[in-house]
>>> print(open('coords34.txt').read())   # compact mmCIF, C-alpha atoms
# COMPACT_ATOMS: atom_id res chain seq x y z
CA MET G 246 0.00 0.00 0.00
CA THR G 247 2.99 2.35 0.38
CA PRO G 248 3.32 4.75 -2.59
CA ILE G 249 6.66 4.28 -4.36
CA ASN G 250 8.28 5.59 -7.53
CA TYR G 251 8.59 2.79 -10.09
CA ASN G 252 9.51 3.26 -13.77
CA ASP G 253 8.98 7.03 -13.42
CA ALA G 254 5.45 6.61 -12.05
CA ILE G 255 3.87 6.57 -8.59
CA THR G 256 2.33 3.20 -7.79
CA ILE G 257 2.06 0.64 -4.97
CA PRO G 258 3.95 -2.67 -4.54
CA VAL G 259 0.80 -4.81 -5.00
CA ALA G 260 0.33 -3.34 -8.48
CA ILE G 261 4.01 -3.98 -9.33
CA LEU G 262 3.82 -7.60 -8.14
CA ALA G 263 0.69 -8.11 -10.22
CA LYS G 264 2.38 -6.80 -13.38
CA GLU G 265 5.48 -8.94 -12.79
CA LEU G 266 3.37 -12.09 -12.34
CA GLN G 267 1.41 -11.27 -15.48
CA ALA G 268 4.65 -10.85 -17.44
CA ALA G 269 6.05 -14.12 -16.03
CA ILE G 270 3.00 -16.19 -17.01
CA GLY G 271 2.80 -14.56 -20.43
CA GLU G 272 0.71 -16.17 -23.17
CA LEU G 273 -0.63 -18.96 -20.94
CA MET G 274 -2.61 -16.38 -18.93
CA THR G 275 -5.83 -16.51 -21.00
CA LEU G 276 -5.88 -20.33 -20.95
CA ILE G 277 -5.42 -20.33 -17.15
CA ILE G 278 -8.25 -17.81 -16.71
CA ALA G 279 -10.62 -19.78 -18.96
CA VAL G 280 -9.85 -22.95 -16.95
CA ILE G 281 -10.42 -21.14 -13.61
CA ILE G 282 -13.77 -19.74 -14.76
CA SER G 283 -14.84 -23.16 -16.10
CA ILE G 284 -13.86 -24.86 -12.82
CA SER G 285 -15.84 -22.27 -10.85
CA ALA G 286 -18.93 -22.87 -13.00
CA ALA G 287 -18.60 -26.68 -12.84
CA ILE G 288 -18.17 -26.84 -9.04
CA SER G 289 -21.02 -24.33 -8.55
CA LEU G 290 -23.31 -26.48 -10.72
CA LEU G 291 -22.27 -29.58 -8.74
CA ALA G 292 -22.82 -27.77 -5.41
CA VAL G 293 -26.31 -26.55 -6.36
CA ALA G 294 -27.54 -29.67 -8.19
CA VAL G 295 -25.90 -32.56 -6.28
CA LYS G 296 -24.90 -30.95 -2.93
CA PRO G 297 -21.95 -33.29 -2.22
CA ASP G 298 -20.85 -33.76 1.41
CA PHE G 299 -17.42 -32.16 0.98
CA ILE G 300 -19.14 -28.87 0.09
CA THR G 301 -22.13 -28.94 2.46
CA ARG G 302 -19.90 -29.76 5.45
CA SER G 303 -17.56 -26.83 4.77
CA HIS G 304 -18.94 -23.41 5.63
CA TYR G 305 -16.37 -21.76 3.36
CA LEU G 306 -17.01 -23.98 0.29
CA LYS G 307 -20.77 -23.82 0.83
CA GLU G 308 -20.70 -20.02 0.87
CA LEU G 309 -18.43 -19.86 -2.19
CA PHE G 310 -20.17 -22.40 -4.45
CA GLN G 311 -23.79 -22.83 -3.28
CA VAL G 312 -25.06 -19.72 -5.01
CA SER G 313 -28.53 -18.59 -6.10
CA PRO G 314 -29.89 -19.71 -9.53
CA PHE G 315 -29.12 -16.25 -10.98
CA TRP G 316 -25.45 -16.31 -9.95
CA LEU G 317 -25.15 -19.94 -11.08
CA PHE G 318 -26.42 -18.85 -14.52
CA ILE G 319 -23.91 -15.96 -14.57
CA ARG G 320 -21.00 -18.29 -13.70
CA ILE G 321 -22.01 -20.79 -16.40
CA LEU G 322 -22.46 -17.97 -18.94
CA GLY G 323 -19.02 -16.63 -17.99
CA ALA G 324 -17.49 -20.06 -18.58
CA ILE G 325 -19.19 -20.43 -21.98
CA LEU G 326 -18.05 -16.97 -23.10
CA ALA G 327 -14.49 -17.60 -21.84
CA VAL G 328 -14.24 -20.85 -23.83
CA LEU G 329 -15.78 -19.25 -26.96
CA THR G 330 -13.31 -16.36 -26.72
CA LEU G 331 -10.32 -18.64 -26.09
CA THR G 332 -11.17 -20.92 -29.03
CA GLN G 333 -12.56 -18.14 -31.26
CA PHE G 334 -15.60 -20.36 -31.81
CA GLY G 335 -19.15 -19.16 -32.44
CA PRO G 336 -20.46 -15.68 -33.40
CA ALA G 337 -17.60 -13.16 -33.68
CA MET G 338 -19.51 -10.49 -31.76
CA PHE G 339 -18.98 -12.50 -28.55
CA HIS G 340 -15.22 -13.03 -28.87
CA ASP G 341 -13.76 -10.24 -30.99
CA GLY G 342 -11.20 -7.75 -29.67
CA ALA G 343 -13.80 -5.18 -28.63
CA THR G 344 -15.99 -7.56 -26.57
CA GLY G 345 -14.99 -10.98 -25.14
CA GLY G 346 -11.43 -10.54 -26.37
CA LEU G 347 -11.07 -7.26 -24.49
CA VAL G 348 -12.34 -8.83 -21.25
CA LEU G 349 -10.44 -12.15 -21.44
CA ASN G 350 -7.18 -10.98 -23.01
CA ASP G 351 -6.74 -7.46 -21.60
CA LEU G 352 -8.80 -7.01 -18.43
CA LEU G 353 -8.93 -10.36 -16.63
CA PRO G 354 -5.14 -11.07 -16.70
CA VAL G 355 -4.55 -7.84 -14.77
CA LEU G 356 -7.38 -8.56 -12.34
CA LEU G 357 -6.32 -12.17 -11.72
CA CYS G 358 -2.83 -11.07 -10.67
CA VAL G 359 -4.18 -8.20 -8.55
CA PHE G 360 -6.68 -10.54 -6.86
CA ILE G 361 -3.96 -13.07 -6.00
CA PHE G 362 -1.57 -10.62 -4.37
CA ALA G 363 -4.20 -8.32 -2.86
CA GLY G 364 -6.08 -11.32 -1.43
CA LEU G 365 -2.95 -12.92 0.03
CA LEU G 366 -1.59 -9.69 1.51
CA LEU G 367 -4.90 -8.18 2.67
CA PRO G 368 -4.73 -9.82 6.14
CA LEU G 369 -1.54 -7.84 6.81
CA LEU G 370 -3.46 -4.63 6.16
CA LEU G 371 -6.50 -5.65 8.21
CA ASN G 372 -5.05 -7.29 11.31
CA PHE G 373 -2.17 -5.17 12.60
CA GLY G 374 -3.75 -1.84 13.48
CA LEU G 375 -3.14 0.41 10.45
CA LEU G 376 -6.85 0.84 9.70
CA GLU G 377 -7.62 1.53 13.36
CA LEU G 378 -4.91 4.22 13.55
CA MET G 379 -5.77 5.91 10.23
CA GLY G 380 -9.46 5.49 10.88
CA THR G 381 -9.25 7.38 14.16
CA LEU G 382 -7.09 10.17 12.68
CA LEU G 383 -9.25 10.64 9.57
CA THR G 384 -12.67 10.37 11.24
CA VAL G 385 -12.68 14.16 11.79
CA ILE G 386 -12.69 14.55 7.97
CA MET G 387 -14.57 11.49 6.71
CA ARG G 388 -17.49 11.49 9.17
CA PRO G 389 -18.75 15.11 8.85
CA ILE G 390 -18.10 15.47 5.09
CA PHE G 391 -18.88 12.00 3.74
CA LYS G 392 -20.77 10.38 6.67
CA LEU G 393 -18.23 7.53 6.67
CA PRO G 394 -15.73 6.01 9.13
CA GLY G 395 -12.18 7.34 8.87
CA ARG G 396 -10.81 3.95 7.82
CA SER G 397 -12.68 4.27 4.50
CA ALA G 398 -10.00 6.73 3.38
CA ILE G 399 -7.63 3.74 3.08
CA ASP G 400 -10.01 2.07 0.61
CA CYS G 401 -9.89 5.19 -1.55
CA LEU G 402 -6.10 5.38 -1.32
CA ALA G 403 -5.80 1.73 -2.42
CA SER G 404 -7.90 2.47 -5.53
CA TRP G 405 -6.24 5.79 -6.30
CA LEU G 406 -2.64 4.55 -6.14
CA GLY G 407 -3.18 0.95 -7.21
CA ASP G 408 -6.40 -0.32 -8.72
CA GLY G 409 -10.14 0.10 -8.11
CA SER G 410 -10.44 -3.66 -7.63
CA VAL G 411 -8.13 -3.50 -4.58
CA GLY G 412 -10.38 -0.88 -2.99
CA ILE G 413 -13.50 -2.97 -3.62
CA LEU G 414 -11.85 -6.11 -2.23
CA LEU G 415 -10.82 -4.18 0.89
CA THR G 416 -14.31 -2.69 1.31
CA SER G 417 -16.09 -6.02 0.83
CA LYS G 418 -13.83 -7.73 3.37
CA GLN G 419 -14.38 -5.04 5.99
CA TYR G 420 -18.15 -5.14 5.37
CA GLN G 421 -18.12 -8.89 5.99
CA GLU G 422 -16.20 -8.31 9.24
CA LYS G 423 -18.78 -5.72 10.41
CA PHE G 424 -16.54 -2.67 10.24
CA TYR G 425 -18.97 -1.08 7.75
CA THR G 426 -22.77 -0.98 7.67
CA GLN G 427 -24.76 -1.73 4.49
CA ARG G 428 -24.98 1.98 3.70
CA GLU G 429 -21.30 2.62 4.34
CA ALA G 430 -20.14 -0.35 2.24
CA ALA G 431 -22.42 0.66 -0.65
CA VAL G 432 -21.24 4.28 -0.51
CA ILE G 433 -17.53 3.39 -0.31
CA GLY G 434 -17.78 0.76 -3.06
CA THR G 435 -19.60 3.04 -5.52
CA THR G 436 -18.00 6.36 -4.60
CA PHE G 437 -14.44 5.76 -3.39
CA SER G 438 -13.28 2.96 -5.73
CA ALA G 439 -11.49 5.61 -7.74
CA VAL G 440 -9.71 5.01 -11.03
CA SER G 441 -5.95 4.73 -10.55
CA ILE G 442 -3.59 7.52 -11.62
CA THR G 443 -1.91 5.11 -14.05
CA PHE G 444 -5.12 4.29 -15.92
CA SER G 445 -6.12 7.95 -15.95
CA LEU G 446 -2.92 8.61 -17.88
CA VAL G 447 -3.90 5.88 -20.37
CA VAL G 448 -7.29 7.54 -20.89
CA ILE G 449 -5.90 11.04 -21.49
CA ALA G 450 -3.30 9.57 -23.89
CA GLN G 451 -6.09 7.88 -25.87
CA VAL G 452 -7.66 11.30 -26.63
CA GLU G 453 -4.19 12.72 -27.41
CA LEU G 454 -4.17 15.33 -24.63
CA GLU G 455 -1.21 14.07 -22.54
CA ALA G 456 0.08 17.63 -22.17
CA TYR G 457 -3.05 18.43 -20.13
CA PHE G 458 -2.64 15.55 -17.65
CA LEU G 459 -2.21 17.72 -14.53
CA PRO G 460 -5.29 19.93 -15.13
CA PHE G 461 -7.12 16.77 -16.28
CA TYR G 462 -6.40 14.91 -13.04
CA LEU G 463 -7.18 18.00 -10.96
CA THR G 464 -10.55 18.14 -12.75
CA VAL G 465 -11.16 14.44 -12.07
CA CYS G 466 -10.34 14.87 -8.35
CA LEU G 467 -12.58 17.95 -8.02
CA ALA G 468 -15.52 16.27 -9.78
CA GLY G 469 -15.01 13.11 -7.72
CA PHE G 470 -14.94 15.14 -4.48
CA VAL G 471 -18.21 16.90 -5.38
CA CYS G 472 -19.79 13.52 -6.19
CA ALA G 473 -18.58 12.00 -2.94
CA ILE G 474 -20.36 14.74 -0.99
CA ILE G 475 -23.65 14.71 -2.94
CA ILE G 476 -24.28 11.12 -4.15
CA PRO G 477 -24.40 9.42 -0.69
CA ARG G 478 -27.11 11.91 0.33
CA LEU G 479 -29.36 10.90 -2.61
CA PRO G 480 -31.31 7.69 -3.31
CA PRO G 481 -30.52 4.86 -3.77
CA LEU G 482 -27.52 5.16 -1.43
CA SER G 483 -29.39 7.26 1.13
CA TRP G 484 -32.01 4.49 1.33
CA LYS G 485 -29.46 1.89 2.45
CA LYS G 486 -29.83 0.83 6.07
CA ASP G 487 -27.23 1.53 8.73
CA VAL G 488 -27.12 -2.12 9.80
CA PHE G 489 -24.32 -4.66 9.52
CA ILE G 490 -24.17 -7.63 7.14
CA ASP G 491 -26.02 -9.89 9.61
CA GLY G 492 -28.80 -7.32 10.16
CA SER G 493 -27.58 -6.21 13.59
CA LYS G 494 -27.76 -2.52 14.41
CA VAL G 495 -24.96 -0.12 15.27
CA GLU G 496 -24.63 0.29 19.03
CA GLY G 497 -23.41 3.61 20.44
CA GLU G 498 -20.97 5.96 18.70
CA ARG G 499 -18.29 3.92 16.95
CA ASP G 500 -16.02 6.95 16.53
CA LYS G 501 -16.30 8.26 20.09
CA ARG G 502 -13.04 8.58 22.03
CA PRO G 503 -12.41 9.08 25.77
CA GLU G 504 -12.00 12.69 26.90
CA ASN G 505 -8.58 11.99 28.48
CA HIS G 506 -7.08 10.87 25.11
CA ASN G 507 -6.12 13.09 22.23
CA ILE G 508 -6.85 11.78 18.74
CA LEU G 509 -3.34 10.36 18.13
CA GLN G 510 -3.19 8.64 21.53
CA TRP G 511 -6.60 7.05 21.01
CA GLY G 512 -5.64 5.95 17.48
CA MET G 513 -2.46 4.28 18.76
CA THR G 514 -4.38 2.60 21.61
CA GLN G 515 -6.92 1.15 19.14
CA ALA G 516 -4.17 0.09 16.73
CA LEU G 517 -2.10 -1.69 19.41
CA LYS G 518 -5.21 -3.42 20.77
CA ARG G 519 -5.93 -4.76 17.28
CA ALA G 520 -2.30 -5.82 16.72
CA GLU G 521 -2.28 -7.80 19.99
CA GLN G 522 -5.14 -9.94 18.62
CA ALA G 523 -3.40 -10.57 15.26
CA PRO G 524 -3.50 -14.17 14.00
CA ASN G 525 -0.36 -16.28 13.61
CA LEU G 526 1.43 -16.91 10.32
CA ASN G 527 -0.56 -20.04 9.44
CA GLN G 528 -3.85 -18.28 10.12
CA LEU G 529 -2.74 -15.29 8.03
CA ALA G 530 -1.82 -17.57 5.13
CA ALA G 531 -5.15 -19.41 5.35
CA GLU G 532 -7.12 -16.15 5.51
CA GLY G 533 -5.18 -14.70 2.57
CA SER G 534 -5.72 -17.84 0.48
CA ARG G 535 -9.46 -17.73 1.15
CA ASN G 536 -9.57 -14.04 0.15
CA ALA G 537 -7.77 -14.76 -3.12
CA ALA G 538 -9.97 -17.78 -3.90
CA ASP G 539 -13.13 -15.75 -3.17
CA MET G 540 -12.17 -13.16 -5.76
CA VAL G 541 -10.66 -15.48 -8.36
CA LEU G 542 -13.42 -18.13 -8.32
CA GLY G 543 -16.32 -15.87 -7.40
CA VAL G 544 -15.68 -12.65 -9.29
CA LEU G 545 -13.76 -13.52 -12.49
CA PRO G 546 -16.76 -15.43 -13.98
CA VAL G 547 -19.04 -12.48 -13.18
CA ILE G 548 -16.77 -10.00 -14.94
CA MET G 549 -16.41 -12.33 -17.95
CA ALA G 550 -20.19 -12.70 -18.28
CA ILE G 551 -21.51 -9.23 -17.45
CA GLY G 552 -18.56 -7.35 -18.96
CA THR G 553 -18.78 -9.22 -22.26
CA ILE G 554 -22.57 -8.87 -22.59
CA ALA G 555 -22.38 -5.14 -21.80
CA LEU G 556 -19.69 -4.68 -24.47
CA VAL G 557 -21.66 -6.75 -27.01
CA ILE G 558 -24.67 -4.46 -26.46
CA ALA G 559 -22.46 -1.36 -26.75
CA GLU G 560 -20.72 -2.52 -29.93
CA ASN G 561 -23.64 -4.11 -31.80
CA THR G 562 -26.78 -2.17 -30.89
CA PRO G 563 -27.76 1.53 -30.88
CA ILE G 564 -29.13 1.29 -27.31
CA PHE G 565 -26.41 3.45 -25.74
CA ASP G 566 -26.73 6.00 -28.60
CA TRP G 567 -30.45 6.28 -27.87
CA LEU G 568 -29.82 6.63 -24.14
CA GLY G 569 -27.30 9.40 -24.85
CA GLN G 570 -29.72 11.55 -26.90
CA PRO G 571 -31.39 13.24 -23.87
CA PHE G 572 -27.94 14.59 -22.91
CA VAL G 573 -27.61 16.65 -26.12
CA PRO G 574 -29.51 19.73 -24.73
CA PHE G 575 -27.56 19.43 -21.48
CA LEU G 576 -24.23 19.44 -23.34
CA GLU G 577 -25.37 22.38 -25.49
CA LEU G 578 -26.39 24.27 -22.34
CA LEU G 579 -22.88 23.70 -20.99
CA GLN G 580 -21.54 25.01 -24.34
CA ILE G 581 -19.64 21.83 -25.18
CA PRO G 582 -18.68 21.78 -28.91
CA GLN G 583 -19.93 18.87 -31.04
CA ALA G 584 -22.62 18.01 -28.47
CA GLU G 585 -24.29 15.44 -30.77
CA GLU G 586 -21.08 13.40 -31.12
CA ALA G 587 -20.29 13.78 -27.41
CA SER G 588 -23.74 12.51 -26.38
CA ARG G 589 -23.00 9.08 -27.93
CA THR G 590 -20.11 8.58 -25.51
CA ILE G 591 -21.93 9.42 -22.28
CA VAL G 592 -24.01 6.35 -21.43
CA VAL G 593 -21.74 3.85 -23.21
CA GLY G 594 -19.31 4.34 -20.31
CA PHE G 595 -21.64 2.12 -18.27
CA ALA G 596 -20.40 -0.82 -20.38
CA ASP G 597 -16.70 0.03 -20.19
CA MET G 598 -14.76 3.09 -19.07
CA PHE G 599 -12.40 3.03 -22.05
CA ILE G 600 -15.04 3.03 -24.82
CA PRO G 601 -15.93 6.77 -24.49
CA SER G 602 -12.26 7.71 -25.00
CA ILE G 603 -12.01 5.43 -28.04
CA LEU G 604 -15.11 7.05 -29.57
CA ALA G 605 -13.88 10.53 -28.61
CA ALA G 606 -10.58 10.12 -30.51
CA SER G 607 -12.33 11.07 -33.77
CA ILE G 608 -13.83 14.31 -32.34
CA GLU G 609 -11.99 17.44 -33.49
CA SER G 610 -12.57 19.71 -30.46
CA ASP G 611 -9.85 19.44 -27.79
CA MET G 612 -12.30 20.70 -25.19
CA THR G 613 -14.88 18.04 -26.03
CA ARG G 614 -12.29 15.24 -25.94
CA PHE G 615 -11.08 16.58 -22.57
CA VAL G 616 -14.64 16.59 -21.17
CA ILE G 617 -15.36 13.06 -22.41
CA ALA G 618 -12.09 11.68 -21.00
CA ALA G 619 -12.65 13.28 -17.58
CA MET G 620 -16.30 12.22 -17.53
CA SER G 621 -15.46 8.58 -18.35
CA VAL G 622 -13.06 8.42 -15.38
CA THR G 623 -15.42 10.09 -12.88
CA GLN G 624 -18.48 8.02 -13.88
CA LEU G 625 -16.70 5.17 -12.07
CA ILE G 626 -19.42 2.50 -12.46
CA TYR G 627 -18.60 0.47 -15.56
CA MET G 628 -19.81 -3.10 -15.96
CA SER G 629 -16.68 -4.57 -17.52
CA GLU G 630 -14.86 -4.23 -14.17
CA VAL G 631 -16.03 -2.11 -11.21
CA GLY G 632 -19.76 -2.80 -11.73
CA ALA G 633 -19.25 -6.54 -12.13
CA LEU G 634 -16.85 -6.56 -9.16
CA LEU G 635 -19.45 -4.87 -6.97
CA LEU G 636 -22.16 -7.29 -8.10
CA GLY G 637 -19.89 -10.27 -7.45
CA SER G 638 -18.86 -9.04 -3.99
CA LYS G 639 -20.85 -8.97 -0.76
CA ILE G 640 -21.42 -5.20 -1.05
CA PRO G 641 -25.23 -4.69 -1.05
CA VAL G 642 -25.97 -3.15 -4.47
CA ASN G 643 -27.84 -4.43 -7.54
CA ILE G 644 -27.47 -3.63 -11.24
CA PHE G 645 -30.43 -1.22 -11.31
CA GLU G 646 -28.99 0.79 -8.40
CA LEU G 647 -25.59 0.86 -10.11
CA PHE G 648 -27.14 2.31 -13.29
CA ILE G 649 -28.96 5.01 -11.29
CA ILE G 650 -25.71 5.90 -9.45
CA PHE G 651 -23.91 5.98 -12.83
CA LEU G 652 -26.48 8.47 -14.21
CA LEU G 653 -26.34 10.61 -11.05
CA ARG G 654 -22.56 10.73 -11.22
CA THR G 655 -22.78 11.77 -14.88
CA LEU G 656 -25.27 14.58 -14.19
CA ILE G 657 -23.27 15.92 -11.23
CA THR G 658 -19.77 15.68 -12.72
CA LEU G 659 -20.53 17.10 -16.19
CA PRO G 660 -21.10 20.73 -15.03
CA VAL G 661 -17.92 20.60 -12.88
CA ILE G 662 -15.86 19.17 -15.75
CA ALA G 663 -17.37 21.60 -18.27
CA LEU G 664 -16.55 24.57 -16.00
CA MET G 665 -12.92 23.41 -15.68
CA ALA G 666 -12.72 22.77 -19.43
CA HIS G 667 -13.87 26.33 -20.19
CA LEU G 668 -11.18 27.66 -17.83
CA ILE G 669 -8.45 25.48 -19.37
CA PHE G 670 -9.26 25.88 -23.10
>>> encode(input="coords34.txt", output="structure tokens")
Amino acid sequence: MTPINYNDAITIPVAILAKELQAAIGELMTLIIAVIISISAAISLLAVAVKPDFITRSHYLKELFQVSPFWLFIRILGAILAVLTLTQFGPAMFHDGATGGLVLNDLLPVLLCVFIFAGLLLPLLLNFGLLELMGTLLTVIMRPIFKLPGRSAIDCLASWLGDGSVGILLTSKQYQEKFYTQREAAVIGTTFSAVSITFSLVVIAQVELEAYFLPFYLTVCLAGFVCAIIIPRLPPLSWKKDVFIDGSKVEGERDKRPENHNILQWGMTQALKRAEQAPNLNQLAAEGSRNAADMVLGVLPVIMAIGTIALVIAENTPIFDWLGQPFVPFLELLQIPQAEEASRTIVVGFADMFIPSILAASIESDMTRFVIAAMSVTQLIYMSEVGALLLGSKIPVNIFELFIIFLLRTLITLPVIALMAHLIF
């Protein structure tokens, strides 16, 4: 989690380890992923249909593989699409480079490596007091402004410096351990799983505006900050209950500290108390392995299925073009050049964050390309990764709520981005 300078860029060690593992495995990566997704689907089908003893007697295996009929269908669909993409069999729209190929060949290799290292190392972050210390120190900012515990700032930092998937994994794990309520987990997962600095650079390079990276990222941070204040106070997030994963209610003030302790003293006391209860090395290894298996076997099939279908719809139907039409007057009101062309990129970001930038590359106006690039990063909820990750995790959100949050983020960030664009250009 510590920010370091690597290859002239700021990143975190987990992200570096993931890239090195991906490079070491090389061309076998897609085959390995297809096999993992197929195994997940096969064991899930066995667990639901046959209910063998080795699964029903294990709480962990039962929770991982005995899923609802909907999630069983998604896992099987993910396996079918992975095999079709790997073998290039069947209709091309399911496995070409813009749909299944993009998910299996480009996205999932990165996520698999991130899941492995983040899952294995996550117990070190959770069990030795860092979150208790930072949570206490940052409560004075996070609670009044965002209505969240201070420790949620770490989730944002993990996404910002590393990868959004790390932040979601961290949030889901803390929700399961009753550090976050349903409302808090939903807010953090949909609001603070920020796009990494590295990928933001990729997006601005795609629209050929690398020289504007600093004002671009400042714009993204400002728009994201505004969203983080407003969105949690609106439905559907404001409708989420302040109860824990098991339905139990919050008792007392979780952030309250004794009057005879200053904030640093109380943070250290909480951190040391947590560290004293830390598990031994074997327990840490077992917990890390379970975390990694949860994400690899439970989430990769979801991303393969939902991400591919979303991209197929975006590439082969005019649905997202139609959904973007109502934004034309809004863009014209904000005085964005080429509003008609820009409108086509707005809703398609729900399928994948990179598609708007690809479509924007042909737009002549620098200002419009800048707005589209910044908007695609701040929309945050895209089904090829973050959306599917959220749906596959324990965080209590559904696909309809994610689409509403996506639209709200779009409506709130566009005026902020447009204002900055007018100042810059």
>>> closest_residue(input="coords34.txt", among="G:Gly380, G:Gly271, G:Pro314, G:Gly323", to="Asp351 in chain G", atoms="only C-alpha atoms")
G:Gly271
>>> residues_around(input="coords34.txt", residues="Ile662 in chain G", least_positions_apart="2", cutoff="8 Å", atoms="all atoms listed in the file", output="ChimeraX atom specification")
/G:464-465,468,616,619-620,658-660,664-666
>>> closest_residue(input="coords34.txt", among="G:Leu542, G:Leu446, G:Ile474, G:Met598", to="Gly637 in chain G", atoms="all atoms listed in the file")
G:Leu542
>>> closest_residue(input="coords34.txt", among="G:Phe489, G:Phe299, G:Phe461, G:Phe437", to="Leu625 in chain G", atoms="all atoms listed in the file")
G:Phe437
>>> atom_distance(input="coords34.txt", atom1="CA of Ala430 in chain G", atom2="CA of Ala473 in chain G")
13.5 Å
>>> atom_distance(input="coords34.txt", atom1="CA of Pro481 in chain G", atom2="CA of Gly569 in chain G")
21.8 Å
>>> decode(input="coords34.txt", residues="range 371-377 of chain G", atoms="all heavy atoms", output="short mmCIF file (atom, residue, chain, number, x, y, z; two decimals), in the first residue's frame")
data_model
loop_
_atom_site.label_atom_id
_atom_site.label_comp_id
_atom_site.auth_asym_id
_atom_site.auth_seq_id
_atom_site.Cartn_x
_atom_site.Cartn_y
_atom_site.Cartn_z
N LEU G 371 -5.30 -5.66 7.37
CA LEU G 371 -6.50 -5.65 8.21
C LEU G 371 -6.23 -5.94 9.68
O LEU G 371 -6.99 -5.49 10.55
CB LEU G 371 -7.51 -6.68 7.69
CG LEU G 371 -8.14 -6.42 6.32
CD1 LEU G 371 -8.99 -7.61 5.90
CD2 LEU G 371 -8.99 -5.15 6.34
N ASN G 372 -5.18 -6.70 9.98
CA ASN G 372 -5.05 -7.29 11.31
C ASN G 372 -4.02 -6.68 12.24
O ASN G 372 -3.86 -7.14 13.37
CB ASN G 372 -4.74 -8.79 11.18
CG ASN G 372 -5.90 -9.56 10.60
OD1 ASN G 372 -7.01 -9.53 11.12
ND2 ASN G 372 -5.66 -10.26 9.48
N PHE G 373 -3.29 -5.66 11.78
CA PHE G 373 -2.17 -5.17 12.60
C PHE G 373 -2.29 -3.70 13.01
O PHE G 373 -1.31 -3.09 13.41
CB PHE G 373 -0.84 -5.42 11.87
CG PHE G 373 -0.51 -6.88 11.78
CD1 PHE G 373 -0.96 -7.63 10.71
CD2 PHE G 373 0.20 -7.51 12.79
CE1 PHE G 373 -0.69 -8.99 10.63
CE2 PHE G 373 0.48 -8.87 12.72
CZ PHE G 373 0.03 -9.61 11.64
N GLY G 374 -3.49 -3.14 12.88
CA GLY G 374 -3.75 -1.84 13.48
C GLY G 374 -3.69 -0.62 12.58
O GLY G 374 -4.06 0.48 13.01
N LEU G 375 -3.24 -0.77 11.32
CA LEU G 375 -3.14 0.41 10.45
C LEU G 375 -4.50 1.08 10.24
O LEU G 375 -4.61 2.31 10.34
CB LEU G 375 -2.56 0.01 9.08
CG LEU G 375 -2.53 1.14 8.04
CD1 LEU G 375 -1.57 2.25 8.47
CD2 LEU G 375 -2.14 0.60 6.67
N LEU G 376 -5.53 0.27 9.97
CA LEU G 376 -6.85 0.84 9.70
C LEU G 376 -7.43 1.50 10.95
O LEU G 376 -8.13 2.50 10.85
CB LEU G 376 -7.80 -0.23 9.16
CG LEU G 376 -7.42 -0.80 7.80
CD1 LEU G 376 -8.42 -1.86 7.37
CD2 LEU G 376 -7.36 0.30 6.74
N GLU G 377 -7.13 0.93 12.12
CA GLU G 377 -7.62 1.53 13.36
C GLU G 377 -6.95 2.89 13.60
O GLU G 377 -7.62 3.87 13.99
CB GLU G 377 -7.33 0.59 14.54
CG GLU G 377 -8.31 -0.57 14.68
CD GLU G 377 -8.18 -1.60 13.57
OE1 GLU G 377 -7.12 -1.66 12.90
OE2 GLU G 377 -9.14 -2.36 13.36
#
